[in-house]
Structure formats: C-alpha cells, structure tokens
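Q: The structure's right below; bear with me while I get my questions together.
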Amino acid sequence: MGPLADRPDASIVAQVLTGNTDAYGVLVNRYRDVYTRFAARMLGSLEDADDALQLAFVRAFRNLGQCRDPEKFGSWLYQIVVNECRTLGARRTRREKRLIRDDSKIESAATGDPADDAALRDEIQHALNRLDPQQREAFLLRHVEGMGYEEMSEITGVGISALKMRVKRATERLRGFLEGVVT
Amino acid sequence: MSDWQNDPERAGIENIVRSLKKPFHLDETFELRVMSAVHAEALAKVDADHAARIENWWTKRYTLRFTALAGLAVAASIVAVIALTATMLSRSPQSVIRQQSAVSSVSAVPVVHFVLVNDNAKQVYLVGDFNNWSKTPLTRTASQNAWIVSVPLSSGKHEYAFIVNDETGEHWVADPLSTKVQDEFGTESSIVRVGPASS
C-alpha cells in the first residue's frame, strides 16, 4: 500500500470507518477546493461557502457509514454540499431580507487572469445572485461545474426534465440581465 | 460531462461561464477547523458507545442461582436497601418543580410552543426572525415523533420555519399548520402572531 494521500476514496473511507479519524483529513484535503467554487457562487460569499463546506464535511464524517458506495464518496459528499448550500442560503436570505452584493469578497478571493475586468465579473456575479436558487444551482452544476444531467439528477434529487428547464430559464435570464454588458 | 462540450445551451454565455469558472480557495485553517470538529464528533461517538454499553449491562437479564438459605439472605438485603432508599427520598425537598412552574406563570413575556410532527427526523431546529435565523434545537417528545420547543416571543408578527435533519440531510420546512409566506424566490416560511391581533 502506498501513502494514504495516493489511495482511492474507498480505501480511505474504510480506514476512517475502522477508527483512523486522521485519515479523513485526506478526503477533506482532496475535496475542499473542488466544491468551494460551487458553494461560493451559490451563496455569493466565500465566508458562507466556508461555513457550508465545514458543515458538509462534518456531516459526511458523522454519516460515513451510510455512504453506500465509498468509491463514489465525492458524489455523495457533493449531495451533502448542495443540501447545506440550500439550507444556508434560505436562512441567509431571510436573515438579510435581501441579497447582499458581496462580490468584493468574492472577487478579491478569486484567482485568475488579472487582465480580467473586475467590474464585469462583479456584474456577472450580481446577475447570478438574482436568479432563483434552484435555477442558480442547476446553472452552476451544468455550465460551471460541467456536469451531465444524469449526474446532476443524482446529486440534486431533481428529475432530468425539471433540471433542463431550470438551466434553460437560468440561461435566458442571465442573458437578459447581462444584455449589453457581456458580449 | 461529455455532452456539455457541444451543448447548444451554452451559445452566447461562454464569457459568462468563463468568468464564473474562476477558482476559489478557502484559507489554510479550513482543514484544521474541520478536523477539530471531526475529532470532537469521534470522541462524542466513543462516549455514546460507552454509555450504550453501560446501559446494555444494566438492562441485560441475568440468571442467578442460589441455595435456599443464600436466597433468603439476598432477599432480606434487597428489602433493607429499598427501605433505606424510601426513607431518604421522603426527606428530599419537593419544591423544585413547583418553583419552576411558578416562574413560568408569572412571566410577562408570552411563551410560544412550536411543535412539528415528523417521522423521519433525527433532529429538528427552529429558525426565525426572533433568533436571527440561527438554529434553536427542538426536543423529541416521548411519543408520536413530535418535536417541541417553547420560546418567549415579543408581541407582534414573527416569521419562522423548521430545519429538519434526516438521513438525506437538512431540509427547510414551513410549519404545515400555520399561515405561510413566500420569499422572492418562492421558498415558504410560516407566520406566528403574538399578542393583540392589531399588533
């Protein structure tokens, strides 16, 4: 057996379930950045994304015995992340009673081409924030995370035709919001 | 992911998608914070398992065999212990419960009892404008899978919802027995009114 960090998910899950709690750190390290973008875009704030991911990782650990297919730990964890984002988003919307334009935090945390127009990115995130959360979730999974509809359906628990409709509407609305802003 | 590359849905939104694809990074303490919470969970589980083992030992049925004389001696000892315990309990003050009720009855702030019946919940939380939408846990009652919490509320209209934690994760649930209100995205929460109807 090679180093723990090189082993597949199923092997690490087995280690954790037999009492090697430290092995879970490998899974945290492996998936933390993978899901941060989705959570940050979904919630509109890196701080909220941090909260959602922390809750998701702890919940996943608590219920690890219920992960039926440890080889697909990543997909199973994604379901939990999506759920945490839904709950956290709903609570935050009510707490603030409005959508906060928190793009400064996001854009300062984003790493990318410095030549990119920060104001444009600001507009795009703001337009994304204006979408219905269900449409935003479907749009991000489809177009930003590049998932197929079957995988999306597995992760969200929503039927494929409903997901297609949400993506279509989200795309149309985004195009409308950003007409004349983004070419 | 294969059908995504040539997806006609993407036409005209390539630049939007490119912008949204910028990666994010959590700070370096993230993993440490998660693992601290995970270790705390693991320790709590060990404690719970230990408590369960003790409970199993206590409730397990044992068969003891005595001779007639030894049986009489054991029976006499049990009677003596029960008698002693009963004497001690009869001297204990009984005022605690009465005192608690009295405080509740003289309280000027109305107390609202929130109840949710849910067969699958492992935990239920109350969130509302009165707790800044942070989670207040409900307690499961002994029967009917009812969850309850009592919260002192000021007069007026309050918005709230339950967060039900079951095997599939956490779910936002409006109170099925109350008036509902929707946010701008159609997510429902409930309304409770406290005090005069005009307030």
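Going through the structure tokens in order, the chains are called A, B, and so on, while each chain numbers its residues from 1 and the ligands are numbered from 1 in the order shown.
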Once you count only C-alpha atoms, which residues of chain A turn out to be within 8 Å of chain B? Could you give them as a PyMOL selection string?

A: chain A and resi 21-22+24-25+28-29+32-33+36-37+40-41+46+50+54+57-58+61-62+80+83-84+87+90-92+94-95+109-112+121+124-125+132-133+142-148+168+171+175+182-183

Q: Can you pull out every residue within 8 Å of Leu116 in chain B, counting only C-alpha atoms, but drop anything in the same chain fewer than 5 positions away, and send it as a list of chain:residue names?

A: B:Ala146, B:Trp147, B:Ile148, B:Asp175

Q: Tell me which of A:Val82, A:Ala170, A:Leu120, A:Gly176 sits closest to Glu154 in chain A, counting only C-alpha atoms.

A: A:Val82

Q: Given only C-alpha atoms as the basis, pick out the residue of A:Asp48, A:Asp117, A:Glu71, A:Glu123 nearest to Glu179 in chain A.

A: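 Closest to Glu179 in chain A of all the choices is A:Glu123.
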
Q: Between CA of Gly44 in chain A and CA of Phe139 in chain A, what distance in Å does the model show, to one decimal?

A: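 Atom-to-atom, CA of Gly44 in chain A to CA of Phe139 in chain A, that is 14.3 Å.
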
Q: To one decimal place in Å, what is the distance between CA of Phe162 in chain B and CA of Val194 in chain B?

A: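 Straight-line distance from CA of Phe162 in chain B to CA of Val194 in chain B works out to 18.3 Å.
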
Q: At a cut-off of 10 Å, using only C-alpha atoms, what residues contact Pro70 in chain A? Leave out same-chain residues fewer than 3 positions from it and give the result as number ranges by chain.

A: A: 8-14, 64-67, 73-76

Q: Using C-alpha atoms, can you write the selected residues to a file as a PDB file, in the first residue's frame?

A:
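This went into result22.pdb:
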```
ATOM      1  CA  PRO A   8      -8.616   5.888  -3.726  1.00  0.00           C
ATOM      2  CA  ASP A   9     -11.568   7.253  -1.776  1.00  0.00           C
ATOM      3  CA  ALA A  10     -12.954   3.816  -0.913  1.00  0.00           C
ATOM      4  CA  SER A  11      -9.705   2.790   0.773  1.00  0.00           C
ATOM      5  CA  ILE A  12      -9.612   5.970   2.861  1.00  0.00           C
ATOM      6  CA  VAL A  13     -13.281   5.657   3.796  1.00  0.00           C
ATOM      7  CA  ALA A  14     -12.558   2.117   5.007  1.00  0.00           C
ATOM      8  CA  LEU A  64     -19.898   7.974   6.660  1.00  0.00           C
ATOM      9  CA  GLY A  65     -21.273   4.528   7.492  1.00  0.00           C
ATOM     10  CA  GLN A  66     -24.277   5.338   5.308  1.00  0.00           C
ATOM     11  CA  CYS A  67     -22.174   6.070   2.227  1.00  0.00           C
ATOM     12  CA  PHE A  73     -17.589   9.322  -1.944  1.00  0.00           C
ATOM     13  CA  GLY A  74     -17.106  12.534  -3.960  1.00  0.00           C
ATOM     14  CA  SER A  75     -20.622  12.420  -5.449  1.00  0.00           C
ATOM     15  CA  TRP A  76     -22.113  11.538  -2.093  1.00  0.00           C
TER      16      TRP A  76
END
```

Q: For Asn165 in chain B, list every protein, DNA or RNA residue within 6 Å, evaluated using only C-alpha atoms, and leave out those in the same chain fewer than 5 positions away; present the list as a PDB file with N, CA and C atoms, in the first residue's frame.

A:
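Okay, selection16.pdb is ready:
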```pdb
ATOM      1  N   ALA B 121     -37.339  12.518  11.154  1.00  0.00           N
ATOM      2  CA  ALA B 121     -36.325  13.473  11.616  1.00  0.00           C
ATOM      3  C   ALA B 121     -35.388  12.850  12.645  1.00  0.00           C
ATOM      4  N   LYS B 122     -34.105  13.200  12.501  1.00  0.00           N
ATOM      5  CA  LYS B 122     -33.145  12.848  13.546  1.00  0.00           C
ATOM      6  C   LYS B 122     -32.984  14.028  14.497  1.00  0.00           C
ATOM      7  N   GLN B 123     -33.160  15.213  13.957  1.00  0.00           N
ATOM      8  CA  GLN B 123     -33.099  16.438  14.754  1.00  0.00           C
ATOM      9  C   GLN B 123     -33.933  17.493  14.030  1.00  0.00           C
ATOM     10  N   VAL B 124     -34.554  18.348  14.796  1.00  0.00           N
ATOM     11  CA  VAL B 124     -35.331  19.447  14.208  1.00  0.00           C
ATOM     12  C   VAL B 124     -34.887  20.750  14.867  1.00  0.00           C
ATOM     13  N   GLU B 170     -30.278  18.184   5.588  1.00  0.00           N
ATOM     14  CA  GLU B 170     -31.144  19.169   6.233  1.00  0.00           C
ATOM     15  C   GLU B 170     -32.145  19.726   5.225  1.00  0.00           C
TER      16      GLU B 170
END
```
